[in-house]
$ cat entry.cif   # mmCIF, C-alpha atoms
data_target
loop_
_atom_site.label_atom_id
_atom_site.label_comp_id
_atom_site.auth_asym_id
_atom_site.auth_seq_id
_atom_site.Cartn_x
_atom_site.Cartn_y
_atom_site.Cartn_z
CA MET A 152 49.52 198.93 -69.40
CA ALA A 153 50.40 198.26 -65.76
CA LEU A 154 48.90 201.52 -64.58
CA LYS A 155 45.63 200.91 -66.41
CA GLN A 156 44.36 198.81 -63.53
CA ARG A 157 44.63 201.14 -60.59
CA LEU A 158 43.32 200.82 -57.03
CA LEU A 159 44.73 198.07 -54.84
CA ALA A 160 48.01 196.24 -54.79
CA PRO A 161 47.41 192.55 -55.64
CA GLY A 162 48.41 191.46 -52.13
CA LEU A 163 45.94 193.87 -50.54
CA ALA A 164 43.16 192.74 -52.86
CA LEU A 165 43.94 189.12 -51.94
CA LEU A 166 43.85 189.98 -48.24
CA LEU A 167 40.47 191.66 -48.70
CA ALA A 168 39.19 188.54 -50.42
CA LEU A 169 40.44 186.42 -47.53
CA VAL A 170 38.65 188.69 -45.03
CA VAL A 171 35.41 188.32 -46.99
CA ASN A 172 35.80 184.54 -47.11
CA LEU A 173 36.57 184.41 -43.39
CA LEU A 174 33.47 186.40 -42.52
CA ALA A 175 31.27 184.45 -44.90
CA VAL A 176 32.41 180.93 -44.01
CA HIS A 177 33.29 180.75 -40.34
CA PRO A 178 30.56 181.11 -37.68
CA ALA A 179 33.15 182.45 -35.23
CA ALA A 180 33.32 185.62 -37.33
CA ALA A 181 30.06 186.68 -35.74
CA GLY A 182 32.07 187.50 -32.64
CA LEU A 183 34.24 190.04 -34.44
CA PRO A 184 33.75 193.67 -33.46
CA PRO A 185 31.18 195.48 -35.61
CA GLY A 186 32.13 197.93 -38.33
CA ASN A 187 31.41 201.63 -38.26
CA ALA A 188 28.09 202.02 -36.42
CA VAL A 189 26.79 204.47 -39.03
CA SER A 190 26.31 202.95 -42.47
CA ASP A 191 23.43 205.01 -43.88
CA PRO A 192 24.84 207.39 -46.53
CA SER A 193 22.55 210.26 -45.55
CA ALA A 194 23.60 209.92 -41.91
CA LEU A 195 27.28 209.80 -42.89
CA LEU A 196 26.83 213.02 -44.86
CA ARG A 197 25.00 214.72 -41.99
CA ASN A 198 27.74 213.74 -39.57
CA ALA A 199 30.42 215.02 -41.94
CA LEU A 200 29.10 218.59 -42.05
CA PRO A 201 31.64 221.05 -40.57
CA ILE A 202 29.31 222.50 -37.94
CA PRO A 203 29.58 222.95 -34.16
CA GLU A 204 27.74 220.63 -31.78
CA THR A 205 24.20 221.88 -31.26
CA ASP A 206 20.91 220.70 -29.79
CA LEU A 207 19.89 219.94 -33.38
CA GLN A 208 22.60 217.27 -33.59
CA ASP A 209 21.43 215.93 -30.25
CA LEU A 210 17.98 215.44 -31.78
CA GLN A 211 19.53 213.83 -34.86
CA HIS A 212 21.57 211.35 -32.85
CA ARG A 213 18.63 210.49 -30.58
CA LEU A 214 16.55 209.71 -33.64
CA GLU A 215 19.29 207.70 -35.34
CA GLY A 216 19.77 205.80 -32.08
CA THR A 217 16.26 204.31 -32.24
CA SER A 218 17.36 201.59 -34.69
CA ASP A 219 18.19 198.97 -32.06
CA ASP A 220 14.85 199.39 -30.29
CA LEU A 221 13.03 199.26 -33.63
CA ARG A 222 14.76 196.03 -34.66
CA ALA A 223 13.89 194.49 -31.28
CA LYS A 224 10.32 195.86 -31.42
CA ARG A 225 10.75 197.62 -28.08
CA TRP A 226 7.85 199.95 -28.69
CA SER A 227 7.66 201.30 -25.14
CA SER A 228 11.31 202.40 -25.35
CA LEU A 229 10.65 203.93 -28.76
CA SER A 230 7.65 205.80 -27.39
CA ASN A 231 9.74 207.20 -24.53
CA ALA A 232 12.50 208.25 -26.95
CA VAL A 233 10.05 210.02 -29.24
CA ARG A 234 8.39 211.84 -26.31
CA ARG A 235 11.78 212.99 -24.99
CA GLY A 236 12.66 214.27 -28.45
CA GLN A 237 9.38 216.17 -28.71
CA SER A 238 9.97 217.72 -25.30
CA LEU A 239 13.51 218.76 -26.26
CA LEU A 240 12.30 220.22 -29.56
CA THR A 241 9.66 222.31 -27.77
CA SER A 242 11.67 223.43 -24.75
CA ARG A 243 14.83 224.33 -26.67
CA ARG A 244 13.24 225.85 -29.74
CA ALA A 245 14.37 229.40 -28.94
CA ARG A 246 17.92 228.23 -28.30
CA LEU A 247 17.87 226.18 -31.49
CA ILE A 248 16.86 229.24 -33.51
CA SER A 249 19.55 231.38 -31.87
CA ASN A 250 22.26 229.02 -33.18
CA PHE A 251 21.51 230.04 -36.78
CA PRO A 252 22.93 233.16 -38.46
CA SER A 253 20.40 235.99 -38.34
CA GLU A 254 19.85 235.88 -42.10
CA GLN A 255 18.96 232.18 -41.87
CA GLN A 256 16.66 232.29 -38.84
CA ALA A 257 13.41 232.71 -40.80
CA THR A 258 14.25 229.62 -42.88
CA ALA A 259 15.26 227.78 -39.71
CA GLU A 260 11.89 228.66 -38.13
CA SER A 261 10.07 227.10 -41.08
CA LEU A 262 12.23 223.98 -40.93
CA LEU A 263 11.57 223.60 -37.19
CA ASP A 264 7.84 223.96 -37.87
CA GLN A 265 8.19 221.11 -40.37
CA LEU A 266 10.25 219.09 -37.91
CA GLU A 267 7.51 219.39 -35.28
CA LEU A 268 5.02 218.05 -37.84
CA ASP A 269 7.42 215.22 -38.72
CA TRP A 270 7.79 214.40 -35.04
CA ARG A 271 4.03 214.26 -34.49
CA THR A 272 3.74 211.82 -37.39
CA LEU A 273 6.56 209.82 -35.84
CA ALA A 274 4.72 209.72 -32.50
CA GLU A 275 1.57 208.48 -34.22
CA ALA A 276 3.51 205.71 -35.97
CA THR A 277 5.04 204.72 -32.63
CA GLU A 278 1.69 204.55 -30.88
CA ALA A 279 0.30 202.45 -33.75
CA ARG A 280 3.40 200.21 -33.61
CA ASP A 281 3.67 200.58 -37.36
CA ARG A 282 7.27 199.84 -38.34
CA ASP A 283 7.00 201.00 -41.95
CA ALA A 284 5.30 204.25 -40.96
CA PHE A 285 7.93 204.78 -38.25
CA LEU A 286 10.75 204.37 -40.78
CA THR A 287 9.09 206.74 -43.25
CA SER A 288 8.47 209.36 -40.55
CA ARG A 289 11.99 209.04 -39.17
CA ARG A 290 13.46 209.43 -42.64
CA ALA A 291 11.41 212.61 -43.15
CA ALA A 292 12.43 214.04 -39.77
CA LEU A 293 16.11 213.31 -40.37
CA SER A 294 15.90 214.90 -43.82
CA THR A 295 14.44 218.05 -42.25
CA ILE A 296 17.20 218.05 -39.62
CA GLY A 297 19.80 217.66 -42.36
CA SER A 298 18.37 220.64 -44.25
CA ALA A 299 18.50 222.73 -41.08
CA GLU A 300 22.05 221.62 -40.24
CA SER A 301 23.25 222.62 -43.71
CA LEU A 302 22.28 226.21 -42.84
CA LEU A 303 24.77 226.14 -39.96
CA VAL A 304 27.78 225.69 -42.24
CA GLY A 305 29.79 228.90 -42.31
CA PRO A 306 32.66 229.90 -44.61
CA PHE A 307 34.76 227.10 -46.06
CA PRO A 308 36.52 225.71 -42.98
CA PHE A 309 40.21 225.62 -44.04
CA GLU A 310 42.81 226.84 -46.51
CA ILE A 311 43.86 224.34 -49.17
CA PRO A 312 47.70 224.18 -49.36
CA GLU A 313 49.31 226.39 -52.01
CA THR A 314 51.04 223.29 -53.37
CA PHE A 315 47.74 222.38 -55.01
CA VAL A 316 46.81 225.85 -56.28
CA ALA A 317 46.43 224.66 -59.89
CA LEU A 318 43.88 221.97 -59.05
CA PRO A 319 40.09 222.44 -59.15
CA ARG A 320 38.33 222.31 -55.81
CA LEU A 321 34.76 221.89 -54.62
CA LEU A 322 34.05 224.32 -51.79
CA GLY A 323 30.88 222.64 -50.56
CA ARG A 324 28.81 219.75 -51.89
CA ALA A 325 27.38 218.71 -55.23
CA THR A 326 24.74 216.21 -56.31
CA ILE A 327 25.66 214.07 -59.32
CA GLU A 328 23.48 211.89 -61.53
CA LEU A 329 25.20 208.89 -63.11
CA ALA A 330 23.05 207.51 -65.91
CA THR A 331 24.32 203.97 -66.53
CA THR A 332 23.40 201.20 -68.94
CA LYS A 333 21.28 199.64 -66.14
CA GLY A 334 19.64 202.76 -64.78
CA THR A 335 20.40 205.90 -62.80
CA LEU A 336 22.45 206.46 -59.64
CA THR A 337 22.39 209.68 -57.63
CA ALA A 338 25.41 210.56 -55.50
CA VAL A 339 26.40 213.43 -53.20
CA VAL A 340 30.08 214.40 -53.27
CA ASP A 341 31.59 216.20 -50.30
CA GLY A 342 34.00 219.05 -50.87
CA TYR A 343 34.01 220.03 -47.20
CA ASN A 344 36.18 217.02 -46.40
CA ALA A 345 37.70 216.13 -49.80
CA PRO A 346 37.73 219.38 -51.79
CA LEU A 347 40.44 218.42 -54.30
CA THR A 348 39.13 214.91 -54.94
CA ALA A 349 35.51 216.04 -55.22
CA GLY A 350 36.64 219.05 -57.25
CA ALA A 351 38.52 216.92 -59.78
CA PHE A 352 35.51 214.63 -60.09
CA VAL A 353 32.93 217.40 -60.58
CA ASP A 354 35.23 219.18 -63.03
CA LEU A 355 35.47 216.00 -65.13
CA VAL A 356 31.71 215.45 -64.92
CA GLN A 357 31.15 218.95 -66.30
CA ARG A 358 33.64 218.26 -69.10
CA GLY A 359 31.71 215.13 -70.12
CA PHE A 360 34.83 213.06 -69.43
CA TYR A 361 32.94 210.07 -67.98
CA ASP A 362 30.23 209.94 -70.64
CA GLY A 363 30.36 206.63 -72.51
CA LEU A 364 33.12 205.08 -70.38
CA PRO A 365 32.76 201.43 -69.32
CA PHE A 366 33.31 199.96 -65.89
CA GLY A 367 36.80 198.73 -66.69
CA ARG A 368 37.11 196.79 -63.47
CA ALA A 369 34.35 194.87 -61.76
CA GLU A 370 34.85 192.45 -58.87
CA ASP A 371 31.88 190.87 -57.12
CA PHE A 372 31.26 192.22 -53.59
CA TYR A 373 34.28 194.51 -53.96
CA VAL A 374 34.37 197.37 -56.50
CA LEU A 375 33.11 198.77 -59.78
CA GLN A 376 35.70 201.06 -61.31
CA THR A 377 35.63 203.48 -64.22
CA GLY A 378 37.30 206.65 -65.46
CA ASP A 379 40.06 205.08 -67.57
CA PRO A 380 39.88 207.03 -70.85
CA ILE A 381 40.13 205.42 -74.24
CA GLY A 382 43.70 205.56 -75.53
CA PRO A 383 47.16 205.23 -73.98
CA ALA A 384 46.60 207.64 -71.08
CA ASP A 385 45.20 206.31 -67.82
CA GLY A 386 43.93 209.67 -66.59
CA TYR A 387 42.85 213.17 -67.57
CA ILE A 388 45.28 215.08 -69.80
CA ASP A 389 45.09 218.83 -69.29
CA PRO A 390 44.53 220.39 -72.75
CA THR A 391 46.72 223.42 -71.92
CA SER A 392 49.75 221.76 -70.35
CA GLN A 393 49.34 218.42 -72.14
CA GLN A 394 50.27 216.84 -68.80
CA GLN A 395 48.24 214.33 -66.84
CA ARG A 396 46.48 215.97 -63.89
CA ARG A 397 47.48 214.34 -60.60
CA VAL A 398 45.21 214.52 -57.57
CA PRO A 399 46.77 213.84 -54.14
CA LEU A 400 45.51 211.28 -51.65
CA GLU A 401 43.24 213.38 -49.41
CA ILE A 402 41.79 212.09 -46.12
CA MET A 403 40.13 214.08 -43.35
CA VAL A 404 40.42 212.69 -39.82
CA PRO A 405 37.96 213.71 -37.05
CA GLY A 406 39.39 216.42 -34.82
CA GLU A 407 41.81 217.74 -37.46
CA ASP A 408 41.52 221.20 -39.00
CA GLN A 409 42.18 220.02 -42.57
CA PRO A 410 42.80 216.81 -44.52
CA PHE A 411 46.06 214.92 -44.58
CA TYR A 412 47.60 214.81 -48.05
CA ASN A 413 49.60 211.96 -49.56
CA GLN A 414 49.83 210.11 -46.23
CA THR A 415 48.08 206.87 -45.38
CA PHE A 416 46.91 206.03 -41.87
CA GLU A 417 49.85 203.65 -41.70
CA ASP A 418 52.22 206.53 -42.52
CA LEU A 419 50.57 208.62 -39.80
CA GLY A 420 50.62 205.82 -37.22
CA ILE A 421 46.84 205.95 -36.67
CA PHE A 422 46.01 202.40 -37.63
CA LYS A 423 42.45 202.18 -36.25
CA ALA A 424 41.20 205.68 -36.96
CA THR A 425 37.96 206.21 -38.85
CA PRO A 426 38.01 209.04 -41.40
CA VAL A 427 35.26 211.63 -41.55
CA LEU A 428 34.20 210.02 -44.85
CA PRO A 429 34.60 206.28 -44.21
CA PHE A 430 34.14 203.38 -46.59
CA ALA A 431 31.23 202.27 -44.44
CA THR A 432 28.40 201.76 -46.89
CA LYS A 433 27.73 200.20 -50.26
CA GLY A 434 28.05 202.88 -52.91
CA THR A 435 30.88 204.85 -51.30
CA LEU A 436 32.75 206.77 -54.01
CA GLY A 437 36.52 206.24 -53.83
CA TRP A 438 39.38 207.80 -55.81
CA ALA A 439 41.83 205.37 -57.38
CA HIS A 440 45.61 205.65 -57.42
CA SER A 441 48.29 203.28 -58.64
CA ASP A 442 50.27 200.78 -56.59
CA GLU A 443 53.37 202.89 -57.07
CA ALA A 444 52.26 206.30 -55.77
CA LEU A 445 49.65 207.98 -53.58
CA ASP A 446 49.43 211.19 -55.63
CA ASP A 447 48.88 209.88 -59.15
CA GLY A 448 45.09 209.55 -59.04
CA SER A 449 43.78 211.47 -62.02
CA SER A 450 40.29 210.46 -63.18
CA GLN A 451 39.56 206.88 -62.19
CA PHE A 452 37.09 206.30 -59.37
CA PHE A 453 35.35 203.29 -57.91
CA LEU A 454 32.05 202.40 -56.31
CA PHE A 455 32.69 200.44 -53.13
CA LEU A 456 30.45 197.38 -52.88
CA PHE A 457 31.26 196.04 -49.43
CA THR A 458 28.79 196.43 -46.58
CA ALA A 459 29.80 197.45 -43.07
CA GLU A 460 29.42 193.85 -41.88
CA LEU A 461 32.28 192.84 -44.19
CA THR A 462 34.61 195.58 -42.98
CA PRO A 463 34.69 195.16 -39.18
CA ALA A 464 36.75 197.41 -36.94
CA GLY A 465 40.46 196.76 -37.34
CA LEU A 466 39.96 194.91 -40.63
CA ASN A 467 38.82 197.69 -42.94
CA LEU A 468 41.71 197.82 -45.37
CA ILE A 469 40.38 200.71 -47.48
CA ASP A 470 39.97 203.50 -44.90
CA GLY A 471 43.18 205.45 -44.63
CA ARG A 472 44.61 204.09 -47.88
CA TYR A 473 42.18 205.57 -50.40
CA ALA A 474 40.13 208.76 -50.41
CA ALA A 475 36.36 208.52 -50.10
CA PHE A 476 34.69 211.63 -51.51
CA GLY A 477 30.96 210.94 -51.48
CA TYR A 478 28.12 208.43 -51.36
CA VAL A 479 25.42 207.04 -53.60
CA VAL A 480 22.14 208.18 -52.03
CA ASP A 481 19.64 206.82 -54.54
CA GLY A 482 19.55 204.02 -57.10
CA PHE A 483 20.82 201.15 -54.96
CA GLU A 484 18.76 198.65 -56.93
CA VAL A 485 20.71 199.77 -60.03
CA LEU A 486 24.01 199.44 -58.18
CA GLU A 487 23.15 195.82 -57.40
CA GLU A 488 22.70 195.07 -61.11
CA LEU A 489 25.83 196.71 -62.53
CA THR A 490 28.65 194.51 -63.87
CA GLY A 491 31.80 194.84 -65.92
CA SER A 492 29.66 194.70 -69.05
CA ASP A 493 28.01 198.01 -68.13
CA GLY A 494 29.16 201.58 -68.18
CA ILE A 495 28.29 205.24 -67.68
CA VAL A 496 26.05 206.70 -70.37
CA LYS A 497 26.16 210.25 -69.02
CA ALA A 498 27.20 212.01 -65.82
CA THR A 499 25.49 215.28 -64.86
CA VAL A 500 25.82 217.81 -62.05
CA LEU A 501 22.31 218.29 -60.66
CA GLU A 502 23.12 220.69 -57.81
CA GLY A 503 26.17 222.43 -56.41
CA ALA A 504 27.96 223.40 -59.63
CA GLU A 505 28.41 226.88 -58.16
CA ASN A 506 30.69 225.39 -55.48
CA LEU A 507 33.32 224.36 -58.04
CA ARG A 508 36.39 226.56 -58.49
CA PRO A 509 38.71 225.76 -61.43
CA HIS A 510 41.81 226.44 -59.29
CA GLY A 511 42.97 228.18 -56.14
#
$ encode --input "entry.cif" --output "C-alpha cells"
Amino acid sequence: MALKQRLLAPGLALLLALVVNLLAVHPAAAGLPPGNAVSDPSALLRNALPIPETDLQDLQHRLEGTSDDLRAKRWSSLSNAVRRGQSLLTSRRARLISNFPSEQQATAESLLDQLELDWRTLAEATEARDRDAFLTSRRAALSTIGSAESLLVGPFPFEIPETFVALPRLLGRATIELATTKGTLTAVVDGYNAPLTAGAFVDLVQRGFYDGLPFGRAEDFYVLQTGDPIGPADGYIDPTSQQQRRVPLEIMVPGEDQPFYNQTFEDLGIFKATPVLPFATKGTLGWAHSDEALDDGSSQFFLFLFTAELTPAGLNLIDGRYAAFGYVVDGFEVLEELTGSDGIVKATVLEGAENLRPHG
C-alpha cells in the first residue's frame, strides 16, 4: 500500500508546510522575493507556445505589463501604454501579417481586425477610468492575440526519444472537461512541452479511466490528487501487456530544444530555474510519481492549490521535481470547494483529440 499515496516524500511535504506557515505567520516574509511574475493560466499557456519572438508577442507583453499601473490606478500611464500599443499595431500590421504562413494570412488578417476593435474598446475603458471594463477589454485582446499566436506554431518542435516509442503522446494541446461532484473544471493540457505526460493523461481520459474516481488525497492549500484505480494496482495496467504503464518525469526548460527526462533540477544542477510550465498558479495539473522513482508515474495526477505568493523564488519545491502538464482555465470557484470527499464524475476531451497519437 506504500505506493498508493504518491507525490511527495514526507520530508518534502513537511518542508512545504513549514514554508506556508512561515509566509502566513511572520511579517518579515513580505520581504521575500516574489514568485514567478506570471500566474495567470492563459498567460502561462501563451508564453509556452513554441513560436519565435514576434511583434505580436511584444504587444502581448505590453498588455500583460499594465497590471501594476492598473493596481495603482495610474490611468495616465495606462493611457500612454494603450496608445503606444495602438500605434504599434497600426504601423507594424504588414510586418505582423508577413510573419504568418501564407495559408494562415487571411485568418491572421481577420484576427488583427478583431484585435484593433479590442484595442479601441480598451482605449475607451482607459479614458473612462473604468477598471472592470479595462479588465474585460484586456482579457478579450489577449485572447485574440493568443488565437493569432497559435497560428504561428509550425511542425511539432522536437523528436521524442525512441526509448519512449511505446507511450502515447500529445502533439499539440487539448482541452479537457472534468465534471466533479461539486461542478465542472476546464483545463488545457500542453503537449508541446510535456507530450508524454499530456499524452498519457488524454489517453486515459478517452478510455474513461478517471470516471468515478475519488480525490484520494486532499490537503488544504496544497493538493487534490486522483487517478488511483480501484484494486491493488496504483496505476494504469495495459490490457495487452498486463504491465503497468510508466510515464517518465518530463520537464521542459526555457532555451532547451526538448524536455529533460527522469532528471530533477537538482540532478541537473539548475536549482533556481523556472520550467516552461511552472507550478505558478492554482489549478496547475501535475503528474505524480512515487518517493522511490522518477519514472513510475502511471495515472495519478494532482491539482496544485498553492498560489504564487506561497511559492516565492528559491522556495518553490515543486518545480523541477514534478512535471506540470497543463492548467485549469475555468471553474476556479469549483476548485475552491473540492475536498477529499469529492471526486471526478466524468472526464471528457472537448478539443484536441486529433493531436493524440497512441505511440511513436
$ resolve_selection --input "entry.cif" --expression "the PyMOL selection byres ((chain A and resi 417-422) around 10)" --output "list in words"
Val404, Phe411, Asn413, Gln414, Thr415, Phe416, Lys423, Ala424, Thr425, Gly465, Leu468, Asp470, Gly471 and Arg472 of chain A
$ closest_residue --input "entry.cif" --among "A:Ala444, A:Leu336, A:Ala325, A:Ala345" --to "Glu487 (chain A)" --atoms "all atoms listed in the file"
A:Leu336
$ resolve_selection --input "entry.cif" --expression "the PyMOL selection byres ((chain A and resi 356-372) around 6)" --output "list in words"
Val353, Asp354, Leu355, Tyr373, Val374, Leu375, Gln376, Thr377, Leu456, Phe457, Gly491, Asp493, Gly494, Ile495, Val496, Lys497 and Ala498 of chain A
$ resolve_selection --input "entry.cif" --expression "the PyMOL selection byres ((chain A and resi 297) around 12)" --output "ChimeraX atom specification"
/A:193-200,202,207-208,210-212,259,262-263,266,290-296,298-304
$ write_last_selection --input "entry.cif" --atoms "C-alpha atoms" --output "compact mmCIF listing (two decimals), keeping the file's coordinate frame"
# COMPACT_ATOMS: atom_id res chain seq x y z
CA SER A 193 22.55 210.26 -45.55
CA ALA A 194 23.60 209.92 -41.91
CA LEU A 195 27.28 209.80 -42.89
CA LEU A 196 26.83 213.02 -44.86
CA ARG A 197 25.00 214.72 -41.99
CA ASN A 198 27.74 213.74 -39.57
CA ALA A 199 30.42 215.02 -41.94
CA LEU A 200 29.10 218.59 -42.05
CA ILE A 202 29.31 222.50 -37.94
CA LEU A 207 19.89 219.94 -33.38
CA GLN A 208 22.60 217.27 -33.59
CA LEU A 210 17.98 215.44 -31.78
CA GLN A 211 19.53 213.83 -34.86
CA HIS A 212 21.57 211.35 -32.85
CA ALA A 259 15.26 227.78 -39.71
CA LEU A 262 12.23 223.98 -40.93
CA LEU A 263 11.57 223.60 -37.19
CA LEU A 266 10.25 219.09 -37.91
CA ARG A 290 13.46 209.43 -42.64
CA ALA A 291 11.41 212.61 -43.15
CA ALA A 292 12.43 214.04 -39.77
CA LEU A 293 16.11 213.31 -40.37
CA SER A 294 15.90 214.90 -43.82
CA THR A 295 14.44 218.05 -42.25
CA ILE A 296 17.20 218.05 -39.62
CA SER A 298 18.37 220.64 -44.25
CA ALA A 299 18.50 222.73 -41.08
CA GLU A 300 22.05 221.62 -40.24
CA SER A 301 23.25 222.62 -43.71
CA LEU A 302 22.28 226.21 -42.84
CA LEU A 303 24.77 226.14 -39.96
CA VAL A 304 27.78 225.69 -42.24
$ atom_distance --input "entry.cif" --atom1 "CA of Asp341 (chain A)" --atom2 "CA of Tyr478 (chain A)"
8.6 Å
$ closest_residue --input "entry.cif" --among "A:Pro405, A:Arg280, A:Leu507, A:Leu486" --to "Ala351 (chain A)" --atoms "only C-alpha atoms"
A:Leu507
$ atom_distance --input "entry.cif" --atom1 "CA of Thr335 (chain A)" --atom2 "CA of Phe455 (chain A)"
16.6 Å
$ atom_distance --input "entry.cif" --atom1 "CA of Phe483 (chain A)" --atom2 "CA of Asp442 (chain A)"
29.5 Å
$ residues_around --input "entry.cif" --residues "region 382-387 of chain A" --least-positions-apart "5" --cutoff "6 Å" --atoms "all atoms listed in the file" --output "compact mmCIF listing (two decimals) with C-alpha atoms, in the frame of the given file"
# COMPACT_ATOMS: atom_id res chain seq x y z
CA LYS A 155 45.63 200.91 -66.41
CA GLN A 395 48.24 214.33 -66.84
CA ARG A 396 46.48 215.97 -63.89
CA SER A 449 43.78 211.47 -62.02
CA SER A 450 40.29 210.46 -63.18
$ closest_residue --input "entry.cif" --among "A:Gly350, A:Gly511, A:Pro192, A:Gly323" --to "Pro399 (chain A)" --atoms "all atoms listed in the file"
A:Gly350
$ closest_residue --input "entry.cif" --among "A:Thr331, A:Ser392, A:Thr314, A:Thr241" --to "Tyr412 (chain A)" --atoms "only C-alpha atoms"
A:Thr314
